[in-house]
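Text of work.txt, listed as compact mmCIF, C-alpha atoms:
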# COMPACT_ATOMS: atom_id res chain seq x y z
CA MET A 1 0.00 0.00 0.00
CA LYS A 2 2.80 2.40 0.92
CA THR A 3 4.60 1.60 -2.32
CA GLN A 4 1.49 2.39 -4.31
CA PHE A 5 1.07 5.63 -2.44
CA LEU A 6 4.68 6.62 -3.12
CA LEU A 7 4.30 5.76 -6.77
CA ILE A 8 1.26 8.00 -7.02
CA ILE A 9 3.21 10.89 -5.52
CA VAL A 10 6.25 10.24 -7.73
CA SER A 11 4.10 10.02 -10.82
CA PHE A 12 2.42 13.27 -9.91
CA LEU A 13 5.82 14.98 -9.65
CA LEU A 14 7.15 13.46 -12.84
CA PHE A 15 4.08 14.08 -14.96
CA PRO A 16 2.39 17.27 -13.85
CA VAL A 17 -0.93 17.92 -15.52
CA THR A 18 -0.76 21.08 -17.56
CA ASN A 19 -3.62 22.28 -19.67
CA ALA A 20 -5.09 18.96 -20.62
CA SER A 21 -8.66 19.01 -21.89
CA ALA A 22 -9.92 16.32 -19.61
CA GLN A 23 -12.74 16.04 -17.13
CA ILE A 24 -15.69 14.17 -15.71
CA THR A 25 -18.41 13.84 -18.33
CA GLU A 26 -21.09 11.79 -16.55
CA VAL A 27 -21.90 10.78 -12.97
CA LYS A 28 -24.41 8.35 -11.56
CA GLN A 29 -24.00 8.91 -7.86
CA THR A 30 -25.73 6.78 -5.23
CA VAL A 31 -27.04 9.02 -2.44
CA PHE A 32 -28.17 7.77 0.97
CA GLY A 33 -30.58 9.67 3.21
CA MET A 34 -33.00 11.20 0.71
CA ASP A 35 -36.58 10.34 1.56
CA CYS A 36 -38.75 13.18 0.28
CA SER A 37 -39.59 15.31 -2.69
CA PRO A 38 -38.06 18.53 -1.31
CA CYS A 39 -34.87 16.53 -0.60
CA ALA A 40 -34.66 15.67 -4.30
CA HIS A 41 -35.64 19.18 -5.35
CA GLY A 42 -32.94 20.75 -3.15
CA LEU A 43 -30.19 18.45 -4.35
CA GLU A 44 -31.16 18.74 -8.01
CA LYS A 45 -31.22 22.53 -7.78
CA ARG A 46 -27.87 22.66 -5.98
CA ILE A 47 -26.16 20.47 -8.59
CA LYS A 48 -27.70 22.36 -11.52
CA LYS A 49 -26.29 25.59 -10.09
CA MET A 50 -22.72 24.33 -10.33
CA ASP A 51 -20.62 25.63 -13.22
CA GLY A 52 -20.16 23.04 -15.94
CA VAL A 53 -23.32 21.01 -15.26
CA LYS A 54 -25.25 20.23 -18.43
CA SER A 55 -28.12 18.30 -16.81
CA ALA A 56 -29.01 16.83 -13.43
CA SER A 57 -31.85 14.68 -12.18
CA VAL A 58 -32.60 12.83 -8.97
CA SER A 59 -34.41 9.56 -8.40
CA LEU A 60 -35.71 9.14 -4.87
CA ASN A 61 -36.66 5.50 -5.32
CA ASP A 62 -33.21 4.58 -6.65
CA GLY A 63 -31.40 7.04 -4.38
CA GLN A 64 -29.44 8.27 -7.33
CA LEU A 65 -28.20 11.56 -8.74
CA THR A 66 -27.54 11.47 -12.49
CA ALA A 67 -25.61 14.36 -13.98
CA SER A 68 -23.85 15.17 -17.20
CA PHE A 69 -21.27 17.89 -17.69
CA THR A 70 -20.11 20.28 -20.39
CA ASP A 71 -16.88 19.56 -22.29
CA ASP A 72 -15.08 22.47 -20.69
CA ASN A 73 -16.09 21.81 -17.10
CA THR A 74 -13.49 21.78 -14.37
CA LEU A 75 -15.58 20.05 -11.75
CA THR A 76 -14.16 17.33 -9.57
CA LEU A 77 -15.93 14.34 -8.10
CA LYS A 78 -14.92 15.71 -4.71
CA GLU A 79 -16.86 18.93 -5.38
CA ILE A 80 -19.94 17.00 -6.46
CA ARG A 81 -19.76 14.82 -3.34
CA SER A 82 -19.28 17.91 -1.20
CA ALA A 83 -22.44 19.48 -2.68
CA ILE A 84 -24.38 16.33 -1.79
CA LYS A 85 -23.07 16.45 1.77
CA ASN A 86 -24.04 20.13 2.03
CA SER A 87 -27.56 19.10 1.08
CA GLY A 88 -27.55 16.86 4.14
CA PHE A 89 -27.07 13.50 2.43
CA ASP A 90 -24.40 10.87 2.17
CA PRO A 91 -22.77 10.18 -1.21
CA LYS A 92 -21.81 6.54 -1.62
CA SER A 93 -20.28 4.83 -4.64
CA ALA A 94 -20.72 6.29 -8.11
CA THR A 95 -20.45 5.15 -11.67
CA ILE A 96 -18.65 7.85 -13.61
CA LYS A 97 -17.34 8.54 -17.06
CA VAL A 98 -14.18 10.59 -16.98
CA ARG A 99 -11.70 11.80 -19.55
CA GLY A 100 -8.10 12.23 -18.54
CA LYS A 101 -4.46 11.48 -19.21
CA LEU A 102 -3.14 8.07 -18.35
CA PHE A 103 0.03 7.84 -16.33
CA LYS A 104 1.84 4.58 -15.78
CA PRO A 105 4.59 4.92 -13.20
CA ASP A 106 5.13 1.17 -13.56
CA ASN A 107 3.51 -1.84 -15.20
CA SER A 108 0.99 -2.35 -12.43
CA THR A 109 0.03 1.22 -11.49
CA PHE A 110 -2.35 3.22 -13.62
CA ILE A 111 -3.42 6.73 -12.79
CA LEU A 112 -5.89 8.92 -14.60
CA LYS A 113 -5.46 12.66 -14.14
CA THR A 114 -8.02 15.26 -15.11
CA ASN A 115 -7.48 18.93 -15.90
CA SER A 116 -8.94 19.77 -12.52
CA ARG A 117 -6.01 17.89 -10.94
CA GLU A 118 -8.21 15.10 -9.66
CA GLU A 119 -6.60 11.67 -9.76
CA PHE A 120 -8.20 8.29 -10.19
CA PHE A 121 -6.32 5.15 -9.30
CA LEU A 122 -7.45 2.74 -12.03
CA VAL A 123 -8.18 -0.84 -11.01
CA ASP A 124 -8.51 -3.60 -13.59
CA GLU A 125 -10.50 -6.11 -11.53
CA GLU A 126 -11.34 -8.32 -14.49
CA LYS A 127 -7.67 -8.53 -15.41
CA ASN A 128 -8.33 -8.06 -19.10
CA HIS A 129 -5.21 -5.88 -19.33
CA LYS A 130 -6.89 -3.31 -21.56
CA LEU A 131 -4.92 -0.59 -19.85
CA MET A 132 -1.70 -2.02 -21.29
CA ASN A 133 -2.99 -1.07 -24.76
CA PHE A 134 -2.72 2.61 -23.99
CA LYS A 135 0.41 4.69 -23.90
CA ASN A 136 1.71 6.76 -21.12
CA ASN A 137 0.36 10.35 -21.27
CA GLU A 138 -2.40 9.29 -23.66
CA THR A 139 -5.86 10.86 -23.29
CA ILE A 140 -8.46 8.20 -22.58
CA LEU A 141 -12.14 8.04 -21.71
CA VAL A 142 -12.82 5.71 -18.80
CA SER A 143 -16.05 4.56 -17.23
CA GLY A 144 -15.91 2.87 -13.90
CA LYS A 145 -17.25 2.47 -10.41
CA THR A 146 -15.68 4.55 -7.68
CA GLU A 147 -14.41 3.38 -4.32
CA ILE A 148 -13.17 6.14 -2.10
CA SER A 149 -10.88 5.71 0.86
CA GLU A 150 -8.69 8.02 2.92
CA GLU A 151 -5.59 5.93 2.21
CA VAL A 152 -5.73 5.45 -1.55
CA GLY A 153 -7.98 8.30 -2.65
CA ILE A 154 -10.39 7.55 -5.49
CA LYS A 155 -10.16 4.05 -6.89
CA LEU A 156 -11.93 3.63 -10.21
CA ILE A 157 -12.84 0.04 -10.96
CA LEU A 158 -12.85 -0.19 -14.72
CA ILE A 159 -16.00 -0.93 -16.67
CA ASP A 160 -14.91 0.38 -20.03
CA ILE A 161 -11.98 2.25 -21.50
CA ASN A 162 -11.53 3.98 -24.85
CA LYS A 163 -9.09 6.20 -26.59
CA SER A 164 -10.35 9.75 -26.56
CA PRO A 165 -9.71 12.29 -29.34
CA LYS A 166 -9.36 15.05 -26.76
CA MET B 1 -67.80 35.99 8.81
CA ASN B 2 -65.64 37.26 11.69
CA LEU B 3 -62.84 35.07 10.40
CA PHE B 4 -63.21 36.60 6.94
CA PHE B 5 -62.88 40.10 8.38
CA SER B 6 -59.89 39.06 10.44
CA ILE B 7 -58.14 37.71 7.35
CA THR B 8 -58.99 40.91 5.47
CA LYS B 9 -57.58 42.89 8.35
CA HIS B 10 -54.30 41.02 8.15
CA ILE B 11 -54.03 40.97 4.38
CA LYS B 12 -51.29 43.63 4.57
CA TYR B 13 -48.96 41.12 6.23
CA ILE B 14 -49.64 38.60 3.48
CA LEU B 15 -49.02 41.26 0.84
CA ILE B 16 -45.69 42.12 2.44
CA LEU B 17 -44.64 38.49 2.47
CA VAL B 18 -45.47 37.64 -1.11
CA PRO B 19 -42.85 39.86 -2.81
CA PHE B 20 -40.36 38.83 -0.14
CA LEU B 21 -40.80 35.23 -1.27
CA TYR B 22 -39.69 36.15 -4.75
CA MET B 23 -36.75 38.30 -3.64
CA ILE B 24 -34.88 35.44 -2.08
CA ASN B 25 -33.16 32.83 -4.18
CA ALA B 26 -31.91 29.72 -2.43
CA ASN B 27 -32.20 25.97 -2.59
CA GLY B 28 -34.85 23.95 -0.83
CA GLN B 29 -35.49 20.80 1.18
CA GLY B 30 -36.42 19.68 4.66
CA GLY B 31 -39.44 20.17 6.90
CA HIS B 32 -41.06 17.02 5.59
CA GLY B 33 -42.38 15.84 8.90
CA PRO B 34 -45.59 15.77 10.89
CA VAL B 35 -47.78 18.74 11.78
CA PHE B 36 -47.89 18.83 15.59
CA THR B 37 -45.05 16.72 16.88
CA LEU B 38 -41.29 16.98 17.04
CA ALA B 39 -39.33 15.64 14.07
CA THR B 40 -35.70 15.63 13.02
CA PRO B 41 -35.33 16.83 9.42
CA THR B 42 -33.22 19.91 8.82
CA LEU B 43 -32.61 21.93 5.67
CA GLY B 44 -29.40 21.64 3.66
CA GLN B 45 -26.75 24.35 3.84
CA GLY B 46 -27.99 27.68 2.45
CA GLU B 47 -31.51 26.39 1.88
CA LEU B 48 -34.63 28.32 2.75
CA SER B 49 -38.22 27.31 3.25
CA PHE B 50 -41.42 28.97 4.34
CA ASP B 51 -44.61 27.66 5.94
CA ALA B 52 -47.89 29.47 6.23
CA MET B 53 -49.92 27.74 8.90
CA VAL B 54 -53.49 28.24 9.91
CA MET B 55 -54.20 26.80 13.34
CA THR B 56 -57.38 26.52 15.29
CA THR B 57 -58.20 25.20 18.70
CA LYS B 58 -61.66 24.84 20.13
CA GLN B 59 -62.64 25.10 23.75
CA ASN B 60 -65.99 26.71 24.32
CA GLU B 61 -65.30 28.70 21.20
CA SER B 62 -62.63 28.53 18.54
CA ALA B 63 -59.38 30.48 18.46
CA TRP B 64 -57.76 31.00 15.08
CA MET B 65 -54.16 31.84 14.39
CA LEU B 66 -52.03 32.31 11.31
CA ARG B 67 -48.38 31.46 11.76
CA GLN B 68 -45.59 32.26 9.33
CA ASN B 69 -42.50 30.14 9.74
CA TRP B 70 -39.19 30.78 8.02
CA HIS B 71 -36.50 28.10 8.06
CA TYR B 72 -32.90 28.54 6.96
CA GLY B 73 -30.16 25.91 6.78
CA LEU B 74 -27.02 27.44 8.25
CA THR B 75 -25.21 24.15 7.67
CA GLU B 76 -26.63 20.78 6.72
CA ASP B 77 -26.96 20.06 10.47
CA ILE B 78 -28.03 23.44 11.82
CA GLN B 79 -31.33 25.07 10.92
CA LEU B 80 -32.57 28.45 12.10
CA ASN B 81 -36.30 29.04 12.50
CA PHE B 82 -38.31 32.20 12.81
CA SER B 83 -41.94 31.83 13.70
CA VAL B 84 -44.33 34.78 13.65
CA PRO B 85 -47.90 34.46 14.92
CA THR B 86 -50.83 36.52 13.82
CA THR B 87 -53.94 36.07 15.88
CA LEU B 88 -56.98 35.91 13.66
CA LYS B 89 -59.56 35.28 16.36
CA ARG B 90 -58.86 35.50 20.06
CA ILE B 91 -60.57 33.68 22.88
CA ALA B 92 -60.60 34.65 26.54
CA ASN B 93 -58.48 31.76 27.81
CA PRO B 94 -56.46 30.17 25.06
CA PRO B 95 -54.99 26.77 25.93
CA GLN B 96 -51.55 26.91 27.45
CA GLY B 97 -49.53 24.61 25.20
CA ARG B 98 -47.28 24.75 22.18
CA LEU B 99 -50.00 23.80 19.68
CA GLY B 100 -47.33 22.81 17.18
CA THR B 101 -44.19 21.71 18.98
CA MET B 102 -41.77 22.88 16.26
CA MET B 103 -42.90 26.49 16.58
CA GLY B 104 -43.89 28.95 19.27
CA SER B 105 -46.82 28.74 21.63
CA TYR B 106 -50.09 30.54 21.10
CA GLY B 107 -49.25 34.20 20.40
CA ASP B 108 -45.47 33.84 20.86
CA LEU B 109 -42.92 35.04 18.33
CA GLU B 110 -40.17 32.46 18.47
CA ILE B 111 -36.61 32.19 17.21
CA SER B 112 -35.10 28.75 17.43
CA GLY B 113 -32.33 26.56 16.16
CA LEU B 114 -32.42 22.90 15.21
CA PHE B 115 -29.15 21.10 15.74
CA ARG B 116 -28.83 17.65 14.23
CA VAL B 117 -26.52 15.96 16.68
CA PHE B 118 -26.60 12.49 15.22
CA LYS B 119 -27.30 11.03 11.80
CA THR B 120 -26.73 7.79 10.03
CA TYR B 121 -27.98 6.64 6.66
CA PRO B 122 -28.17 2.85 6.58
CA ALA B 123 -29.57 2.50 3.05
CA ILE B 124 -31.17 4.32 0.16
CA GLY B 125 -33.95 6.60 1.42
CA GLN B 126 -33.35 5.77 5.08
CA ARG B 127 -32.12 7.95 7.91
CA PHE B 128 -31.79 7.69 11.68
CA GLU B 129 -31.38 11.10 13.25
CA SER B 130 -31.39 12.92 16.55
CA THR B 131 -31.96 16.63 16.76
CA LEU B 132 -31.83 19.23 19.50
CA LEU B 133 -34.18 22.22 19.39
CA LEU B 134 -33.35 25.37 21.34
CA GLY B 135 -35.42 28.51 21.20
CA THR B 136 -36.58 31.68 22.83
CA SER B 137 -39.82 33.56 22.46
CA VAL B 138 -41.40 36.91 23.13
CA PRO B 139 -45.17 37.41 23.32
CA THR B 140 -46.99 39.45 20.72
CA GLU B 141 -49.73 40.29 23.20
CA SER B 142 -49.36 41.74 26.67
CA LYS B 143 -51.91 39.49 28.35
CA ARG B 144 -53.09 35.98 27.70
CA GLY B 145 -56.09 34.69 29.63
CA GLY B 146 -55.78 37.67 31.96
CA ILE B 147 -52.14 36.91 32.80
CA THR B 148 -49.23 39.12 31.73
CA VAL B 149 -47.09 37.08 29.39
CA GLY B 150 -43.31 37.13 29.68
CA PRO B 151 -40.63 35.85 27.36
CA SER B 152 -39.76 32.18 27.41
CA ILE B 153 -37.03 29.70 26.64
CA HIS B 154 -37.62 26.33 25.09
CA ALA B 155 -35.53 23.20 24.70
CA ALA B 156 -36.49 19.93 23.09
CA THR B 157 -34.90 16.82 21.72
CA VAL B 158 -36.17 14.32 19.19
CA THR B 159 -34.91 11.15 17.66
CA GLY B 160 -36.34 9.04 14.91
CA TYR B 161 -36.32 7.24 11.63
CA ALA B 162 -37.46 8.22 8.15
CA SER B 163 -37.60 6.16 5.00
CA ARG B 164 -39.57 6.05 1.78
CA SER B 165 -42.27 4.00 3.51
CA PHE B 166 -42.16 4.37 7.30
CA TYR B 167 -41.54 7.22 9.70
CA ALA B 168 -41.29 7.34 13.48
CA TRP B 169 -40.12 10.06 15.83
CA ALA B 170 -40.23 10.45 19.60
CA GLY B 171 -39.37 13.64 21.38
CA THR B 172 -39.65 15.64 24.54
CA GLY B 173 -39.44 19.32 25.35
CA TYR B 174 -39.73 21.94 28.06
CA GLN B 175 -40.76 25.56 27.86
CA HIS B 176 -40.17 27.96 30.73
CA TYR B 177 -41.96 31.28 30.93
CA PHE B 178 -40.31 34.13 32.78
CA LYS B 179 -42.19 36.27 35.23
CA LYS B 180 -43.42 39.64 34.04
CA ASN B 181 -45.28 42.23 36.12
CA ASN B 182 -45.53 39.62 38.90
CA ASP B 183 -47.38 37.25 36.57
CA GLN B 184 -46.02 34.05 35.13
CA LEU B 185 -47.53 31.50 32.80
CA GLY B 186 -47.15 27.87 33.80
CA ASN B 187 -44.22 26.02 32.31
CA ILE B 188 -44.90 23.34 29.70
CA PHE B 189 -43.33 19.92 29.67
CA TYR B 190 -44.35 17.67 26.83
CA ILE B 191 -43.62 14.43 25.06
CA THR B 192 -44.53 13.67 21.49
CA GLY B 193 -44.66 10.56 19.38
CA VAL B 194 -45.53 10.02 15.76
CA VAL B 195 -45.60 7.17 13.29
CA GLY B 196 -46.04 7.61 9.57
CA TYR B 197 -46.63 5.50 6.52
CA ARG B 198 -46.46 6.11 2.81
CA PRO B 199 -48.57 3.55 0.96
CA ALA B 200 -47.12 1.84 -2.08
CA PHE B 201 -49.41 3.67 -4.48
CA PHE B 202 -47.91 6.97 -3.27
CA GLN B 203 -44.35 5.79 -3.76
CA HIS B 204 -43.96 7.24 -7.22
CA ASP B 205 -40.56 8.68 -7.96
CA TYR B 206 -39.69 12.38 -7.84
CA PRO B 207 -41.04 14.70 -9.24
CA LYS B 208 -44.42 13.02 -8.98
CA PRO B 209 -46.61 13.85 -5.95
CA ASP B 210 -45.60 12.21 -2.72
CA TRP B 211 -48.18 11.62 0.06
CA ARG B 212 -47.84 10.20 3.53
CA ILE B 213 -50.06 9.82 6.57
CA PHE B 214 -49.17 10.17 10.23
CA LEU B 215 -50.67 9.30 13.59
CA GLU B 216 -49.51 11.95 16.03
CA SER B 217 -49.64 12.13 19.80
CA VAL B 218 -48.82 14.95 22.21
CA THR B 219 -48.94 14.81 26.00
CA GLU B 220 -48.54 18.10 27.84
CA TRP B 221 -47.98 18.83 31.50
CA VAL B 222 -48.72 22.48 32.12
CA GLY B 223 -47.77 24.07 35.42
CA ASN B 224 -49.77 26.48 37.54
CA ASN B 225 -49.97 30.10 36.53
CA THR B 226 -48.80 32.82 38.89
CA VAL B 227 -50.79 36.00 39.29
CA ASP B 228 -49.52 38.91 41.40
CA ASN B 229 -46.78 36.70 42.78
CA ILE B 230 -49.30 34.15 44.01
CA GLU B 231 -49.32 30.72 42.43
CA ASN B 232 -52.79 30.08 41.17
CA LYS B 233 -53.37 26.50 42.29
CA ASN B 234 -55.48 24.26 40.12
CA THR B 235 -54.50 25.98 36.91
CA ASP B 236 -52.18 23.14 36.03
CA LEU B 237 -53.28 20.39 33.71
CA VAL B 238 -52.22 17.24 31.94
CA ARG B 239 -53.62 16.41 28.56
CA THR B 240 -52.95 13.87 25.86
CA LEU B 241 -54.02 14.52 22.32
CA LEU B 242 -54.01 12.03 19.48
CA GLY B 243 -54.96 12.33 15.86
CA PRO B 244 -54.14 11.87 12.21
CA SER B 245 -52.33 14.14 9.82
CA VAL B 246 -51.46 13.99 6.16
CA LEU B 247 -48.56 15.47 4.24
CA GLY B 248 -48.43 15.92 0.49
CA LEU B 249 -45.26 16.97 -1.31
CA TYR B 250 -44.95 17.98 -4.92
CA GLY B 251 -41.61 19.34 -6.04
CA LYS B 252 -40.98 22.42 -3.96
CA TRP B 253 -44.51 22.61 -2.55
CA GLY B 254 -45.89 20.95 0.53
CA LEU B 255 -49.39 20.74 1.92
CA SER B 256 -50.22 19.23 5.28
CA ALA B 257 -53.20 19.09 7.58
CA GLY B 258 -53.96 17.42 10.85
CA ILE B 259 -56.29 17.28 13.78
CA LEU B 260 -55.71 16.17 17.37
CA PHE B 261 -58.40 15.16 19.85
CA PRO B 262 -57.95 14.90 23.62
CA LEU B 263 -57.75 11.36 25.00
CA ASP B 264 -58.06 12.45 28.59
CA LEU B 265 -57.77 15.66 30.51
CA THR B 266 -56.95 16.07 34.16
CA THR B 267 -57.75 19.60 35.18
CA THR B 268 -60.02 21.60 37.38
CA LYS B 269 -60.74 23.88 34.45
CA THR B 270 -63.43 21.59 33.10
CA ASP B 271 -65.20 24.49 31.48
CA GLU B 272 -62.13 25.05 29.31
CA LEU B 273 -61.75 21.57 27.91
CA GLU B 274 -59.85 21.68 24.62
CA LEU B 275 -62.11 19.86 22.19
CA PHE B 276 -59.68 19.66 19.29
CA ARG B 277 -56.57 21.24 17.80
CA SER B 278 -56.12 21.43 14.07
CA SER B 279 -53.67 22.85 11.56
CA PHE B 280 -53.41 23.42 7.86
CA VAL B 281 -49.96 24.16 6.47
CA LEU B 282 -48.75 25.32 3.09
CA SER B 283 -44.98 25.00 2.62
CA TYR B 284 -42.62 26.25 -0.05
CA TRP B 285 -38.97 25.38 -0.52
CA PHE B 286 -37.01 28.04 -2.39
Rewritten as structure tokens:
Amino acid sequence: MKTQFLLIIVSFLLFPVTNASAQITEVKQTVFGMDCSPCAHGLEKRIKKMDGVKSASVSLNDGQLTASFTDDNTLTLKEIRSAIKNSGFDPKSATIKVRGKLFKPDNSTFILKTNSREEFFLVDEEKNHKLMNFKNNETILVSGKTEISEEVGIKLILIDINKSPK
Amino acid sequence: MNLFFSITKHIKYILILVPFLYMINANGQGGHGPVFTLATPTLGQGELSFDAMVMTTKQNESAWMLRQNWHYGLTEDIQLNFSVPTTLKRIANPPQGRLGTMMGSYGDLEISGLFRVFKTYPAIGQRFESTLLLGTSVPTESKRGGITVGPSIHAATVTGYASRSFYAWAGTGYQHYFKKNNDQLGNIFYITGVVGYRPAFFQHDYPKPDWRIFLESVTEWVGNNTVDNIENKNTDLVRTLLGPSVLGLYGKWGLSAGILFPLDLTTTKTDELELFRSSFVLSYWF
């Protein structure tokens, strides 16, 4: 764990993100604690107010916030989660689509960095080694399920990965 | 007819409030609980909501009151409340009680804070919470039932559970009135309990209308009044009220109504038996 953490820091120093056009494009965020219509209204309104949000909707029955973002947004997942907490709810795991630059400090560590300096530690649970097909510093579009911990930060368990033109 | 004239008389207050509603731009949520009893929900940070409440209580005759309640979420766990009463129809001896436990007593202007001290969200749509309510009030009338009314302080605590189907809260509170001009209203100690249910056919997803029903209960222990520094024995009472309420939510609008009936009443003031207590509330989340 410590090694991975060090590698993340080293990779950050070696490959600083400059002006990459990369960002979160879609979020399906599970939210605990919403039980009423004004809860949904308040959260939806708060998210829609954020710069870079294209659309946002809330399902009470599924406990889910679904949002899409403009191409030039600089939002982070952390900011979206913080907005949910400020509404009085608890953000849990999310399925997100995010564009960013791939950094490979070694053959087993894969980090996606967005232009808002948010980092995702990519996890290939199915071991299909798709990540090996992409070059270091290449812009990719990844969809995955988030797992957030204090120690590692944001882990993104891969669902799909594609080369992105941007 | 008298009620109509009273409303007409107070229309200026309503006219002042309406443009104020449109001047403020904030988010909305919260306040999705029962009508009479303590409940835990608080607004999110920076959110604002407003309730217009018409309350009536009947003893020998009916008293009517309009109450305007403003709620603001200072943080997601701290909510400030401002409750302004407007008496539409007075009666000689209004019941000494809080009428609605989340706002001031009959004729009291109250400022209070809700502090959510505990919360946990075990699953989608579910929440266990505990909230502390602290407030202070000043009367809007000099005398109530012939007794000079002083300011008061109020503290309450409530804990409970909310989900998409079931709701339950239990709470207790105490209101102390200070002496004024040698008079003092009796203090109020109360406990409240409420259970709620949202039937399956009302469990449509947002933004469709959302209805739920509650069974609410309030038990109040009211102390003796003091007049000219002399405690007026036999003005104390214990009463338990029980009744249904309903809450409908649609987007940023809420509509609720409820009625409580006394189960028993231990008092010497038998001629002032409270026959029922009812409320109708219109809520708006900005």
Provide as a PDB file with C-alpha atoms, in the frame of the given file the residues of chain B at most 9 Å from chain A, counting all atoms listed in the file.
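As a result, selection-v8.pdb now contains:
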ATOM      1  CA  ALA B  26     -31.910  29.720  -2.430  1.00  0.00           C
ATOM      2  CA  ASN B  27     -32.200  25.970  -2.590  1.00  0.00           C
ATOM      3  CA  GLY B  28     -34.850  23.950  -0.830  1.00  0.00           C
ATOM      4  CA  GLN B  29     -35.490  20.800   1.180  1.00  0.00           C
ATOM      5  CA  GLY B  30     -36.420  19.680   4.660  1.00  0.00           C
ATOM      6  CA  GLY B  31     -39.440  20.170   6.900  1.00  0.00           C
ATOM      7  CA  HIS B  32     -41.060  17.020   5.590  1.00  0.00           C
ATOM      8  CA  THR B  42     -33.220  19.910   8.820  1.00  0.00           C
ATOM      9  CA  LEU B  43     -32.610  21.930   5.670  1.00  0.00           C
ATOM     10  CA  GLY B  44     -29.400  21.640   3.660  1.00  0.00           C
ATOM     11  CA  GLN B  45     -26.750  24.350   3.840  1.00  0.00           C
ATOM     12  CA  GLY B  46     -27.990  27.680   2.450  1.00  0.00           C
ATOM     13  CA  GLU B  47     -31.510  26.390   1.880  1.00  0.00           C
ATOM     14  CA  THR B  75     -25.210  24.150   7.670  1.00  0.00           C
ATOM     15  CA  GLU B  76     -26.630  20.780   6.720  1.00  0.00           C
ATOM     16  CA  ASP B  77     -26.960  20.060  10.470  1.00  0.00           C
ATOM     17  CA  THR B 120     -26.730   7.790  10.030  1.00  0.00           C
ATOM     18  CA  TYR B 121     -27.980   6.640   6.660  1.00  0.00           C
ATOM     19  CA  PRO B 122     -28.170   2.850   6.580  1.00  0.00           C
ATOM     20  CA  ALA B 123     -29.570   2.500   3.050  1.00  0.00           C
ATOM     21  CA  ILE B 124     -31.170   4.320   0.160  1.00  0.00           C
ATOM     22  CA  GLY B 125     -33.950   6.600   1.420  1.00  0.00           C
ATOM     23  CA  GLN B 126     -33.350   5.770   5.080  1.00  0.00           C
ATOM     24  CA  ARG B 127     -32.120   7.950   7.910  1.00  0.00           C
ATOM     25  CA  PHE B 128     -31.790   7.690  11.680  1.00  0.00           C
ATOM     26  CA  ALA B 162     -37.460   8.220   8.150  1.00  0.00           C
ATOM     27  CA  SER B 163     -37.600   6.160   5.000  1.00  0.00           C
ATOM     28  CA  ARG B 164     -39.570   6.050   1.780  1.00  0.00           C
ATOM     29  CA  SER B 165     -42.270   4.000   3.510  1.00  0.00           C
ATOM     30  CA  GLN B 203     -44.350   5.790  -3.760  1.00  0.00           C
ATOM     31  CA  HIS B 204     -43.960   7.240  -7.220  1.00  0.00           C
ATOM     32  CA  ASP B 205     -40.560   8.680  -7.960  1.00  0.00           C
ATOM     33  CA  TYR B 206     -39.690  12.380  -7.840  1.00  0.00           C
ATOM     34  CA  PRO B 207     -41.040  14.700  -9.240  1.00  0.00           C
ATOM     35  CA  LYS B 208     -44.420  13.020  -8.980  1.00  0.00           C
ATOM     36  CA  PRO B 209     -46.610  13.850  -5.950  1.00  0.00           C
ATOM     37  CA  ASP B 210     -45.600  12.210  -2.720  1.00  0.00           C
ATOM     38  CA  LEU B 249     -45.260  16.970  -1.310  1.00  0.00           C
ATOM     39  CA  TYR B 250     -44.950  17.980  -4.920  1.00  0.00           C
ATOM     40  CA  GLY B 251     -41.610  19.340  -6.040  1.00  0.00           C
ATOM     41  CA  LYS B 252     -40.980  22.420  -3.960  1.00  0.00           C
ATOM     42  CA  TRP B 253     -44.510  22.610  -2.550  1.00  0.00           C
ATOM     43  CA  GLY B 254     -45.890  20.950   0.530  1.00  0.00           C
ATOM     44  CA  TRP B 285     -38.970  25.380  -0.520  1.00  0.00           C
ATOM     45  CA  PHE B 286     -37.010  28.040  -2.390  1.00  0.00           C
TER      46      PHE B 286
END
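Atom CA of Asn229 of chain B to atom CA of Lys180 of chain B spans 9.8 Å [interatomic distance, one decimal].
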Got a sec to check which residues sit within 10 Å of (-5.1, 15.5, -10.0), counting all atoms listed in the file, and write them as number ranges by chain? A: 12, 16-17, 76, 100, 111-120
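A straight line drawn from atom CA of Ile188 of chain B to atom CA of His154 of chain B is 9.1 Å long.
Across the structure, atom CA of Lys119 of chain B and atom CA of Ala156 of chain B are spaced 17.1 Å apart.
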Write out as a PyMOL selection string each polymer residue whose atoms come within 10 Å of Val194 of chain B, counting all atoms listed in the file; drop sequence neighbours fewer than 3 positions from it. chain B and resi 33-39+160+167-171+214-218+242-245
Applying 8 Å and only C-alpha atoms, which residues near Ile159 of chain A remain after dropping the ones on its own chain fewer than 5 positions away? List them as JSON, numbers by chain. {"A": [142, 143, 144, 145]}
